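Structure file target_37.cif (mmCIF, C-alpha atoms) is printed below.
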data_data
#
loop_
_atom_site.label_atom_id
_atom_site.label_comp_id
_atom_site.auth_asym_id
_atom_site.auth_seq_id
_atom_site.Cartn_x
_atom_site.Cartn_y
_atom_site.Cartn_z
CA MET A 13 -27.39 138.33 24.32
CA ILE A 14 -29.47 135.50 25.76
CA ARG A 15 -32.45 137.83 25.91
CA LEU A 16 -31.99 138.71 22.22
CA LEU A 17 -31.82 135.03 21.27
CA ASP A 18 -35.00 134.36 23.24
CA ILE A 19 -36.82 137.12 21.31
CA LEU A 20 -35.50 135.74 18.03
CA SER A 21 -36.65 132.25 19.03
CA PHE A 22 -40.12 133.61 19.74
CA PHE A 23 -40.46 135.06 16.23
CA LEU A 24 -38.97 131.95 14.62
CA GLU A 25 -41.46 129.73 16.40
CA TRP A 26 -44.48 131.81 15.39
CA GLY A 27 -43.08 132.08 11.87
CA TYR A 28 -43.03 128.30 11.74
CA VAL A 29 -46.64 128.25 12.97
CA LEU A 30 -47.66 130.66 10.19
CA VAL A 31 -45.96 128.58 7.47
CA LEU A 32 -47.51 125.33 8.70
CA LEU A 33 -50.90 126.99 9.08
CA LYS A 34 -50.67 128.27 5.50
CA MET A 35 -49.64 124.82 4.29
CA ILE A 36 -52.62 123.10 5.91
CA HIS A 37 -54.92 125.92 4.78
CA THR A 38 -53.92 125.29 1.14
CA PHE A 39 -54.91 121.64 1.48
CA LEU A 40 -58.00 122.26 3.63
CA PRO A 41 -59.24 125.88 3.66
CA LEU A 42 -59.81 127.58 6.99
CA ARG A 43 -63.30 128.69 7.89
CA LYS A 44 -64.06 132.09 6.41
CA ASN A 45 -65.16 134.09 9.45
CA MET A 46 -62.38 136.11 11.05
CA PRO A 47 -62.95 135.03 14.71
CA ALA A 48 -62.52 131.38 13.70
CA ARG A 49 -59.31 132.16 11.79
CA LEU A 50 -57.89 134.12 14.72
CA ALA A 51 -58.78 131.27 17.09
CA ALA A 52 -57.16 128.78 14.70
CA PHE A 53 -53.94 130.81 14.70
CA LEU A 54 -53.82 130.99 18.50
CA VAL A 55 -54.60 127.29 18.97
CA SER A 56 -52.04 126.24 16.36
CA GLY A 57 -49.44 128.38 18.15
CA PHE A 58 -49.69 126.07 21.14
CA LEU A 59 -50.35 122.84 19.22
CA PHE A 60 -47.85 122.81 16.34
CA PRO A 61 -44.60 123.42 18.31
CA VAL A 62 -45.29 120.50 20.69
CA ILE A 63 -42.23 118.41 21.56
CA ILE A 64 -42.83 114.71 22.33
CA TYR A 65 -40.18 112.76 24.20
CA SER A 66 -39.66 109.01 24.42
CA ASN A 67 -42.18 106.77 26.19
CA ASP A 68 -44.65 109.66 26.45
CA PHE A 69 -47.87 107.95 25.44
CA ALA A 70 -50.04 110.74 26.86
CA GLY A 71 -48.12 113.34 24.86
CA LEU A 72 -48.25 111.35 21.61
CA PHE A 73 -51.94 110.50 21.90
CA GLY A 74 -52.84 113.96 23.23
CA ALA A 75 -51.12 115.64 20.27
CA PHE A 76 -52.97 113.31 17.90
CA LEU A 77 -56.33 114.17 19.45
CA GLY A 78 -55.41 117.86 19.47
CA ILE A 79 -54.61 117.90 15.74
CA CYS A 80 -57.79 115.91 15.01
CA ALA A 81 -59.88 118.45 16.94
CA TYR A 82 -58.08 121.40 15.33
CA ILE A 83 -58.68 120.07 11.77
CA ALA A 84 -62.32 119.20 12.54
CA VAL A 85 -63.18 122.56 14.11
CA PHE A 86 -61.24 125.15 12.13
CA HIS A 87 -60.96 123.72 8.60
CA CYS A 88 -63.55 123.13 5.88
CA GLY A 89 -63.86 119.99 3.81
CA GLN A 90 -65.36 116.54 3.80
CA TRP A 91 -64.43 114.05 6.47
CA PRO A 92 -62.17 111.87 4.22
CA GLN A 93 -60.06 114.95 3.44
CA LYS A 94 -59.85 115.86 7.11
CA VAL A 95 -58.71 112.34 7.99
CA SER A 96 -56.04 112.60 5.29
CA ALA A 97 -54.88 115.96 6.64
CA VAL A 98 -54.44 114.46 10.12
CA LEU A 99 -52.60 111.39 8.82
CA VAL A 100 -50.27 113.54 6.71
CA PHE A 101 -49.46 116.41 9.06
CA TYR A 102 -49.47 114.64 12.44
CA PRO A 103 -46.43 112.39 11.81
CA ALA A 104 -44.63 115.19 9.95
CA ILE A 105 -45.13 117.68 12.80
CA ILE A 106 -44.14 115.22 15.52
CA ALA A 107 -41.11 113.87 13.60
CA VAL A 108 -39.75 117.28 12.57
CA ASN A 109 -40.15 118.73 16.06
CA TYR A 110 -38.47 115.71 17.63
CA LEU A 111 -35.58 115.69 15.15
CA MET A 112 -34.82 119.40 15.44
CA GLN A 113 -35.02 119.34 19.24
CA ASP A 114 -32.94 116.18 19.63
CA ILE A 115 -30.29 117.18 17.10
CA GLY A 116 -29.98 120.65 18.65
CA ALA A 117 -29.67 119.20 22.15
CA GLY A 118 -27.12 116.60 21.03
CA CYS A 119 -24.96 119.23 19.33
CA PHE A 120 -25.13 121.50 22.39
CA PHE A 121 -24.01 118.83 24.86
CA ALA A 122 -21.26 117.69 22.48
CA VAL A 123 -19.87 121.24 22.13
CA SER A 124 -20.44 122.65 25.63
CA GLY A 125 -19.61 119.60 27.74
CA ALA A 126 -22.47 120.52 30.08
CA PRO A 127 -23.95 117.75 32.22
CA PRO A 128 -27.28 116.67 30.69
CA SER A 129 -28.75 115.63 34.02
CA GLN A 130 -28.85 119.11 35.55
CA THR A 131 -29.08 122.74 34.44
CA LEU A 132 -28.52 124.62 37.68
CA GLY A 133 -24.76 124.30 37.50
CA TRP A 134 -24.38 125.60 33.95
CA THR A 135 -22.08 128.51 33.35
CA ARG A 136 -23.19 131.67 31.51
CA LYS A 137 -21.33 130.47 28.42
CA GLN A 138 -23.19 127.17 28.50
CA LEU A 139 -26.51 128.98 28.90
CA LEU A 140 -25.63 131.19 25.94
CA LEU A 141 -24.72 128.14 23.86
CA SER A 142 -27.98 126.46 24.88
CA ALA A 143 -29.99 129.48 23.73
CA ALA A 144 -27.98 129.68 20.50
CA PHE A 145 -28.48 126.00 19.62
CA HIS A 146 -32.17 126.24 20.48
CA THR A 147 -32.55 129.26 18.19
CA LEU A 148 -30.63 127.47 15.43
CA SER A 149 -32.86 124.39 15.70
CA LEU A 150 -35.95 126.61 15.40
CA LEU A 151 -34.44 128.31 12.35
CA LEU A 152 -33.73 124.95 10.70
CA ARG A 153 -37.28 123.80 11.44
CA LEU A 154 -38.69 126.99 9.88
CA LEU A 155 -36.48 126.57 6.81
CA LEU A 156 -37.48 122.92 6.44
CA TRP A 157 -41.21 123.68 6.51
CA THR A 158 -40.78 126.70 4.26
CA GLY A 159 -38.95 124.53 1.74
CA ALA A 160 -41.64 121.86 1.96
CA TRP A 161 -44.31 124.54 1.43
CA LEU A 162 -42.56 125.97 -1.63
CA ILE A 163 -42.16 122.51 -3.17
CA LEU A 164 -45.61 121.14 -2.34
CA ARG A 165 -47.84 124.19 -2.65
CA LYS A 166 -48.58 123.67 -6.35
CA TYR A 167 -49.67 120.12 -5.53
CA LEU A 168 -51.63 121.22 -2.46
CA GLN A 169 -53.56 123.77 -4.53
CA ARG A 170 -54.67 121.03 -6.94
CA ALA A 171 -55.88 118.63 -4.23
CA VAL A 172 -59.57 119.16 -4.91
CA SER A 173 -62.43 117.10 -3.56
CA ASN A 174 -63.26 115.05 -6.65
CA LEU A 175 -62.18 111.68 -5.26
CA THR A 176 -64.77 109.16 -4.24
CA VAL A 177 -65.10 107.96 -0.66
CA LYS A 178 -63.55 104.60 -1.63
CA MET A 179 -60.52 106.34 -3.14
CA TRP A 180 -60.04 108.44 -0.01
CA PHE A 181 -60.40 105.31 2.11
CA LEU A 182 -57.64 103.50 0.19
CA ILE A 183 -55.35 106.54 0.30
CA ASN A 184 -55.89 106.95 4.04
CA ILE A 185 -54.87 103.32 4.57
CA PHE A 186 -51.50 104.07 2.94
CA MET A 187 -51.20 107.23 5.04
CA LEU A 188 -51.53 105.20 8.24
CA ALA A 189 -48.01 103.80 7.76
CA PRO A 190 -45.96 106.95 8.58
CA CYS A 191 -48.38 107.85 11.37
CA VAL A 192 -48.03 104.47 13.08
CA ALA A 193 -44.26 104.43 12.49
CA VAL A 194 -43.66 107.76 14.22
CA PHE A 195 -46.00 106.93 17.09
CA THR A 196 -44.35 103.53 17.67
CA ILE A 197 -40.69 104.51 17.33
CA ILE A 198 -40.96 107.49 19.69
CA TYR A 199 -42.98 105.63 22.28
CA PHE A 200 -40.80 102.48 22.21
CA MET A 201 -37.55 104.40 22.07
CA PRO A 202 -34.60 102.05 21.40
CA GLU A 203 -31.38 102.26 23.39
CA ASN A 204 -29.61 103.95 20.49
CA PRO A 205 -31.59 107.15 19.67
CA LEU A 206 -29.92 107.39 16.26
CA ILE A 207 -32.12 104.53 15.09
CA VAL A 208 -35.08 106.91 15.44
CA TYR A 209 -33.69 109.42 12.93
CA PRO A 210 -34.00 107.34 9.72
CA ILE A 211 -37.52 106.24 10.66
CA CYS A 212 -38.61 109.81 11.40
CA ILE A 213 -37.09 111.06 8.13
CA ALA A 214 -38.75 108.22 6.20
CA SER A 215 -42.08 109.01 7.86
CA ILE A 216 -41.83 112.69 6.88
CA PHE A 217 -40.95 111.74 3.31
CA SER A 218 -43.77 109.17 3.16
CA SER A 219 -46.32 111.67 4.47
CA PHE A 220 -45.47 114.20 1.78
CA CYS A 221 -45.39 111.49 -0.89
CA CYS A 222 -48.90 110.41 0.13
CA LEU A 223 -49.96 114.03 -0.19
CA TYR A 224 -48.50 114.12 -3.69
CA LEU A 225 -50.34 110.87 -4.46
CA VAL A 226 -53.66 112.51 -3.55
CA CYS A 227 -52.93 115.43 -5.86
CA TYR A 228 -51.74 113.14 -8.66
CA ILE A 229 -54.89 111.00 -8.54
CA SER A 230 -57.05 114.12 -8.38
CA ASP A 231 -55.27 115.61 -11.39
CA SER A 232 -55.59 112.35 -13.30
CA ILE A 233 -59.34 112.23 -12.74
CA ARG A 234 -59.80 115.82 -13.86
CA THR A 235 -57.57 115.31 -16.91
CA ALA A 236 -59.43 112.14 -17.89
CA TYR A 237 -62.75 113.91 -17.53
CA ARG A 238 -61.63 116.93 -19.58
CA ALA A 239 -60.23 114.66 -22.30
CA LYS A 240 -63.52 112.75 -22.47
CA GLU A 241 -65.51 115.98 -22.50
CA LEU A 242 -63.42 117.48 -25.30
CA GLU A 243 -63.49 114.24 -27.28
CA MET A 244 -67.28 114.16 -27.08
CA ARG A 245 -67.45 117.83 -28.07
CA GLN A 246 -65.24 117.22 -31.11
CA ALA A 247 -67.32 114.21 -32.16
CA TYR A 248 -70.48 116.25 -31.74
CA TYR A 249 -69.23 119.07 -33.96
CA ARG A 250 -67.97 116.60 -36.54
CA GLU A 251 -71.43 115.04 -36.75
CA ARG A 252 -73.04 118.47 -36.89
CA GLN A 253 -70.73 119.46 -39.72
CA GLU A 254 -71.74 116.40 -41.72
CA ALA A 255 -75.41 117.10 -41.01
CA GLU A 256 -74.97 120.71 -42.13
CA GLU A 257 -73.54 119.58 -45.43
CA ARG A 258 -76.48 117.24 -46.03
CA VAL A 259 -79.03 119.92 -45.13
CA ARG A 260 -77.39 122.49 -47.36
CA CYS A 261 -77.55 120.07 -50.28
CA VAL A 262 -81.25 119.54 -49.62
CA TYR A 263 -81.77 123.31 -49.33
CA HIS A 264 -80.08 123.93 -52.67
CA ASP A 265 -82.66 121.74 -54.39
CA MET A 266 -85.57 122.88 -52.23
CA LYS A 267 -85.01 126.54 -53.16
CA ASN A 268 -85.57 125.68 -56.81
CA HIS A 269 -88.63 123.60 -55.98
CA LEU A 270 -90.13 126.50 -54.04
CA LEU A 271 -89.73 128.83 -57.01
CA VAL A 272 -91.57 126.38 -59.27
CA LEU A 273 -94.39 125.89 -56.74
CA GLU A 274 -94.75 129.61 -56.19
CA ARG A 275 -95.38 130.17 -59.90
CA GLN A 276 -97.92 127.35 -60.06
CA LEU A 277 -99.81 128.17 -56.87
CA GLN A 278 -101.12 131.73 -56.84
CA SER A 279 -103.60 131.49 -53.93
CA PRO A 280 -102.90 133.69 -50.84
CA GLU A 281 -102.76 130.64 -48.54
CA ALA A 282 -100.23 128.89 -50.75
CA THR A 283 -98.15 132.04 -51.06
CA GLU A 284 -98.14 132.51 -47.27
CA MET A 285 -97.17 128.89 -46.72
CA LEU A 286 -94.34 129.11 -49.23
CA GLU A 287 -93.06 132.34 -47.72
CA LYS A 288 -92.99 130.77 -44.27
CA LEU A 289 -91.15 127.74 -45.61
CA ARG A 290 -88.65 130.01 -47.38
CA GLN A 291 -87.95 131.91 -44.15
CA GLU A 292 -87.39 128.69 -42.22
CA THR A 293 -84.84 127.47 -44.74
CA SER A 294 -83.19 130.82 -45.40
CA ILE A 295 -80.93 130.41 -42.38
CA TYR A 296 -78.83 127.98 -44.40
CA GLU A 297 -78.26 130.59 -47.08
CA ASP A 298 -76.47 132.91 -44.64
CA TYR A 299 -74.06 130.21 -43.55
CA VAL A 300 -70.87 131.66 -42.02
CA HIS A 301 -67.63 130.68 -43.76
CA THR A 302 -64.66 131.45 -41.53
CA GLY A 303 -62.08 129.22 -43.20
CA ASN A 304 -62.25 126.72 -40.34
CA ASN A 305 -64.81 123.91 -40.58
CA ILE A 306 -65.03 123.33 -36.84
CA LEU A 307 -65.61 127.01 -36.13
CA ASP A 308 -68.23 127.19 -38.90
CA VAL A 309 -70.27 124.47 -37.19
CA ILE A 310 -69.83 126.06 -33.74
CA LEU A 311 -70.97 129.47 -34.98
CA ARG A 312 -73.88 127.92 -36.85
CA ASP A 313 -75.03 126.09 -33.74
CA LYS A 314 -74.62 129.09 -31.43
CA ALA A 315 -76.39 131.37 -33.92
CA ARG A 316 -79.38 129.04 -33.79
CA LEU A 317 -79.39 129.18 -29.97
CA ALA A 318 -79.13 132.97 -30.13
CA ARG A 319 -82.16 133.21 -32.44
CA GLU A 320 -84.18 130.94 -30.18
CA ASN A 321 -83.35 133.13 -27.18
CA HIS A 322 -83.76 136.44 -29.05
CA ILE A 323 -80.09 137.38 -28.72
CA ASP A 324 -78.47 139.69 -31.26
CA PHE A 325 -75.58 137.54 -32.52
CA SER A 326 -72.96 139.26 -34.71
CA VAL A 327 -69.94 137.49 -36.20
CA ALA A 328 -66.92 138.77 -38.08
CA ALA A 329 -64.40 135.94 -38.21
CA ASP A 330 -61.70 135.05 -40.70
CA LEU A 331 -59.49 132.06 -39.95
CA HIS A 332 -58.05 131.63 -43.43
CA GLY A 333 -54.36 130.88 -42.95
CA ILE A 334 -54.81 130.15 -39.24
CA ASP A 335 -54.04 126.45 -39.51
CA PHE A 336 -51.62 125.97 -36.60
CA MET A 337 -54.36 125.36 -34.01
CA GLU A 338 -55.69 121.88 -33.43
CA PRO A 339 -59.44 121.40 -34.03
CA LEU A 340 -59.93 120.34 -30.41
CA ASP A 341 -58.44 123.62 -29.18
CA VAL A 342 -60.62 125.66 -31.55
CA SER A 343 -63.63 123.82 -30.16
CA THR A 344 -62.47 124.38 -26.57
CA ILE A 345 -61.88 128.12 -26.96
CA PHE A 346 -64.90 129.14 -29.03
CA GLY A 347 -67.33 126.54 -27.69
CA ASN A 348 -66.81 127.45 -24.03
CA ALA A 349 -66.55 131.19 -24.67
CA LEU A 350 -69.79 131.34 -26.67
CA ASP A 351 -71.63 129.10 -24.21
CA ASN A 352 -70.69 131.50 -21.39
CA ALA A 353 -71.56 134.57 -23.49
CA LEU A 354 -74.98 133.29 -24.52
CA GLU A 355 -75.81 132.14 -21.00
CA ALA A 356 -74.86 135.50 -19.47
CA SER A 357 -76.62 137.55 -22.14
CA GLY A 358 -79.73 135.40 -21.93
CA GLN A 359 -80.30 136.52 -18.33
CA LEU A 360 -81.09 140.07 -19.51
CA PRO A 361 -84.37 141.45 -20.89
CA SER A 362 -84.99 140.62 -24.53
CA GLY A 363 -84.01 144.01 -25.97
CA GLN A 364 -80.64 144.07 -24.18
CA ARG A 365 -79.28 140.70 -25.26
CA ALA A 366 -76.28 140.87 -27.56
CA VAL A 367 -73.16 138.83 -28.39
CA LEU A 368 -70.35 140.01 -30.65
CA VAL A 369 -67.65 137.72 -32.05
CA LYS A 370 -64.54 138.97 -33.84
CA ALA A 371 -61.64 136.75 -34.81
CA GLY A 372 -58.82 137.08 -37.28
CA LYS A 373 -55.21 137.84 -37.97
CA ILE A 374 -53.70 141.08 -36.69
CA ARG A 375 -50.09 141.37 -37.87
CA ASP A 376 -48.33 138.34 -36.39
CA PHE A 377 -51.07 137.46 -33.93
CA PHE A 378 -54.37 135.61 -34.00
CA SER A 379 -56.86 137.78 -32.14
CA VAL A 380 -60.21 136.80 -30.66
CA LEU A 381 -62.68 139.26 -29.16
CA ILE A 382 -65.98 138.09 -27.70
CA GLU A 383 -68.30 140.60 -26.06
CA ASN A 384 -71.67 140.03 -24.48
CA SER A 385 -74.12 142.08 -22.50
CA CYS A 386 -74.39 140.97 -18.89
CA THR A 387 -75.65 141.95 -15.48
CA GLY A 388 -73.57 144.47 -13.59
CA ASP A 389 -72.34 141.98 -10.99
CA SER A 390 -71.03 139.42 -13.48
CA LYS A 391 -67.44 138.46 -12.78
CA PRO A 392 -65.03 136.20 -14.58
CA SER A 393 -64.45 132.81 -13.00
CA ARG A 394 -61.44 130.53 -13.13
CA GLY A 395 -62.08 126.91 -12.36
CA ARG A 396 -65.36 127.74 -10.57
CA THR A 397 -68.97 127.56 -11.63
CA THR A 398 -72.34 128.84 -10.51
CA LYS A 399 -73.96 125.56 -11.46
CA GLN A 400 -74.90 123.12 -8.70
CA ASP A 401 -72.88 120.29 -10.22
CA ASP A 402 -69.41 121.77 -9.73
CA PHE A 403 -67.68 118.51 -10.73
CA LEU A 404 -69.22 118.23 -14.19
CA HIS A 405 -68.99 121.98 -14.78
CA GLY A 406 -66.60 124.80 -13.97
CA PHE A 407 -63.71 123.72 -16.20
CA GLY A 408 -64.61 126.06 -19.10
CA ILE A 409 -62.34 129.01 -18.33
CA VAL A 410 -59.57 126.69 -17.11
CA ASN A 411 -59.67 124.65 -20.32
CA MET A 412 -59.69 127.80 -22.45
CA GLN A 413 -56.74 129.20 -20.52
CA ARG A 414 -54.75 126.02 -21.01
CA ALA A 415 -55.60 125.85 -24.71
CA VAL A 416 -54.45 129.46 -25.20
CA GLU A 417 -51.27 129.01 -23.14
CA LYS A 418 -50.48 125.90 -25.19
CA TYR A 419 -49.71 128.25 -28.11
CA GLY A 420 -47.98 130.88 -25.98
CA GLY A 421 -51.01 133.17 -25.97
CA GLN A 422 -52.82 135.23 -23.36
CA LEU A 423 -56.44 135.27 -22.23
CA ASN A 424 -57.92 138.29 -20.46
CA THR A 425 -61.43 138.95 -19.20
CA GLY A 426 -63.16 142.04 -17.93
CA CYS A 427 -66.61 143.33 -17.05
CA GLU A 428 -67.51 147.01 -17.24
CA ASN A 429 -70.66 149.03 -17.89
CA GLY A 430 -72.81 145.95 -18.40
CA LYS A 431 -70.48 144.41 -20.98
CA PHE A 432 -68.33 141.33 -20.44
CA THR A 433 -65.26 141.13 -22.67
CA LEU A 434 -63.02 138.17 -23.42
CA LYS A 435 -59.81 138.88 -25.32
CA ILE A 436 -57.39 136.28 -26.64
CA LEU A 437 -54.10 137.00 -28.36
CA ILE A 438 -52.03 134.11 -29.73
CA PRO A 439 -48.75 134.59 -31.65
CA ILE A 440 -48.83 132.98 -35.08
CA PRO A 441 -45.89 130.59 -35.59
CA GLN A 442 -43.38 131.74 -38.20
CA SER A 443 -43.95 128.66 -40.38
CA SER A 444 -47.72 129.25 -40.43
CA ALA A 445 -47.29 132.97 -41.11
CA LEU A 446 -45.03 132.31 -44.10
CA SER A 447 -47.47 129.84 -45.63
#

Write the structure described by the file as structure tokens, please.
Amino acid sequence: MIRLLDILSFFLEWGYVLVLLKMIHTFLPLRKNMPARLAAFLVSGFLFPVIIYSNDFAGLFGAFLGICAYIAVFHCGQWPQKVSAVLVFYPAIIAVNYLMQDIGAGCFFAVSGAPPSQTLGWTRKQLLLSAAFHTLSLLLRLLLWTGAWLILRKYLQRAVSNLTVKMWFLINIFMLAPCVAVFTIIYFMPENPLIVYPICIASIFSSFCCLYLVCYISDSIRTAYRAKELEMRQAYYRERQEAEERVRCVYHDMKNHLLVLERQLQSPEATEMLEKLRQETSIYEDYVHTGNNILDVILRDKARLARENHIDFSVAADLHGIDFMEPLDVSTIFGNALDNALEASGQLPSGQRAVLVKAGKIRDFFSVLIENSCTGDSKPSRGRTTKQDDFLHGFGIVNMQRAVEKYGGQLNTGCENGKFTLKILIPIPQSSALS
């Protein structure tokens, strides 16, 4: 039975290592090559389960240096993030390990009555109880870290590196508190060990709260940037719409003036000049009317870019009756989608460039289909970008996804046979459908 408990303890301990390794990896990704990942797993198997006892300065400081070296060697990221990872996970690891070990040992001695000063005189029953309490403490530790991982993983995944060095510096100052508290209370152990428990628990809670603070600030920066970007986009399209109206008024009069001049000037040079002028202004005669002013301006602007880049740009869009979407969301969806389509198609030879846009009502759904020719290795991206400035770019697909999900819709992408396809399906609210 003792042998079985020892085997179970072995798996529980390595399970705990895996969960903690995954948790740190979500905050700071491991290096990509497989030998480094395997080495990280083996090193963490000896580093993470460390138990520090009272007045053990060498153990406390050695564990700190070990975690620093582990983060520096095996994980990617900038140095402020690595410092934060150490300040968050070091006190949590030390405090949790100490609590589980000390609580398990206290419960064992209280139940078994075994003398704590020696182990040679223990009976088989006491040895069995010792193994059982040790296994139980490992199980509780695994459950605690698994619970922390399940709660914090969505925040860990959003902890991106878009904070400035000054922001990281301020956050790391706050993170020093739980680290210093755990180090001090375990080294200067008071006469009553129970005093250590609240401080260790508070340090664990503070570490995870600081981690949440990092994610919250990061999210706030990204949200503020996206709001500013979308606000500027909406203002731009509003100005373009007003400019389009003014130009179309001028064109209406100019068309009549050209007819008069053509009748009065019969020379070949004048006729050629008038024909050229008519072609340059004819683009305003084929103005797309979709039933949505914002989309009209977007399509007009993208059609101009397509002509300049010799891209075949086809549109069949009808948004009459589709009035439940906010203008900002229309701009987000179509603006980003067409920017991506034109950019991808523009990388091909001139005769192969094509973009197709279809949008309209299909039964009780608003459907959007955007297709563009692309290179064979083009792949959809979520939250990433091929541009060098990955802070100012890379939010296109993410913003589109959020805008679509806001109305309970779905966004799907695919690339096959040199054609990239973006499909959006949004249910039309009952009130909008009835109107």

Pick from A:Val194, A:Leu331, A:Val367, A:Cys221 nearest to Phe69 of chain A, counting all atoms listed in the file: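 Of the candidates, the smallest distance to Phe69 of chain A is held by A:Val194.
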
Report as a list in words the full result of the PyMOL selection byres ((chain A and resi 167) around 12) when it is applied to this structure.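 After applying the PyMOL selection byres ((chain A and resi 167) around 12), what remains is Met35, Thr38, Phe39, Ala160, Trp161, Leu162, Ile163, Leu164, Arg165, Lys166, Leu168, Gln169, Arg170, Ala171, Val172, Phe220, Cys221, Cys222, Leu223, Tyr224, Leu225, Val226, Cys227, Tyr228, Ile229, Ser230 and Asp231 of chain A.
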
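Nearest residue to Ile36 of chain A among A:Gly420, A:Gly89, A:Pro127, A:Pro339 is A:Gly89, counting all atoms listed in the file.
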
Within 12 Å of segment 421-436 of chain A using all atoms listed in the file, minus same-chain residues under 5 positions, as a tab-separated table (two decimals) with C-alpha atoms, keeping the file's coordinate frame:
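And here is the file that came out, selection11.tsv:
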chain	number	residue	atom	x	y	z
A	337	MET	CA	-54.36	125.36	-34.01
A	345	ILE	CA	-61.88	128.12	-26.96
A	346	PHE	CA	-64.90	129.14	-29.03
A	348	ASN	CA	-66.81	127.45	-24.03
A	349	ALA	CA	-66.55	131.19	-24.67
A	350	LEU	CA	-69.79	131.34	-26.67
A	352	ASN	CA	-70.69	131.50	-21.39
A	353	ALA	CA	-71.56	134.57	-23.49
A	354	LEU	CA	-74.98	133.29	-24.52
A	355	GLU	CA	-75.81	132.14	-21.00
A	356	ALA	CA	-74.86	135.50	-19.47
A	357	SER	CA	-76.62	137.55	-22.14
A	360	LEU	CA	-81.09	140.07	-19.51
A	364	GLN	CA	-80.64	144.07	-24.18
A	365	ARG	CA	-79.28	140.70	-25.26
A	366	ALA	CA	-76.28	140.87	-27.56
A	367	VAL	CA	-73.16	138.83	-28.39
A	368	LEU	CA	-70.35	140.01	-30.65
A	369	VAL	CA	-67.65	137.72	-32.05
A	370	LYS	CA	-64.54	138.97	-33.84
A	371	ALA	CA	-61.64	136.75	-34.81
A	372	GLY	CA	-58.82	137.08	-37.28
A	373	LYS	CA	-55.21	137.84	-37.97
A	374	ILE	CA	-53.70	141.08	-36.69
A	376	ASP	CA	-48.33	138.34	-36.39
A	377	PHE	CA	-51.07	137.46	-33.93
A	378	PHE	CA	-54.37	135.61	-34.00
A	379	SER	CA	-56.86	137.78	-32.14
A	380	VAL	CA	-60.21	136.80	-30.66
A	381	LEU	CA	-62.68	139.26	-29.16
A	382	ILE	CA	-65.98	138.09	-27.70
A	383	GLU	CA	-68.30	140.60	-26.06
A	384	ASN	CA	-71.67	140.03	-24.48
A	385	SER	CA	-74.12	142.08	-22.50
A	386	CYS	CA	-74.39	140.97	-18.89
A	387	THR	CA	-75.65	141.95	-15.48
A	388	GLY	CA	-73.57	144.47	-13.59
A	389	ASP	CA	-72.34	141.98	-10.99
A	390	SER	CA	-71.03	139.42	-13.48
A	391	LYS	CA	-67.44	138.46	-12.78
A	392	PRO	CA	-65.03	136.20	-14.58
A	393	SER	CA	-64.45	132.81	-13.00
A	394	ARG	CA	-61.44	130.53	-13.13
A	409	ILE	CA	-62.34	129.01	-18.33
A	410	VAL	CA	-59.57	126.69	-17.11
A	411	ASN	CA	-59.67	124.65	-20.32
A	412	MET	CA	-59.69	127.80	-22.45
A	413	GLN	CA	-56.74	129.20	-20.52
A	414	ARG	CA	-54.75	126.02	-21.01
A	415	ALA	CA	-55.60	125.85	-24.71
A	416	VAL	CA	-54.45	129.46	-25.20
A	441	PRO	CA	-45.89	130.59	-35.59

Ranking A:Ser56, A:Ser232, A:Thr147, A:Gln93 by minimum distance to Phe22 of chain A and counting only C-alpha atoms, which one comes first?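 The closest residue to Phe22 of chain A is A:Thr147.
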
List the residues sitting within 10 Å of (-45.8, 103.9, 9.8) in the file's frame, using only C-alpha atoms, as a PyMOL selection string. chain A and resi 103+186-197+211-212+214-215+218-219
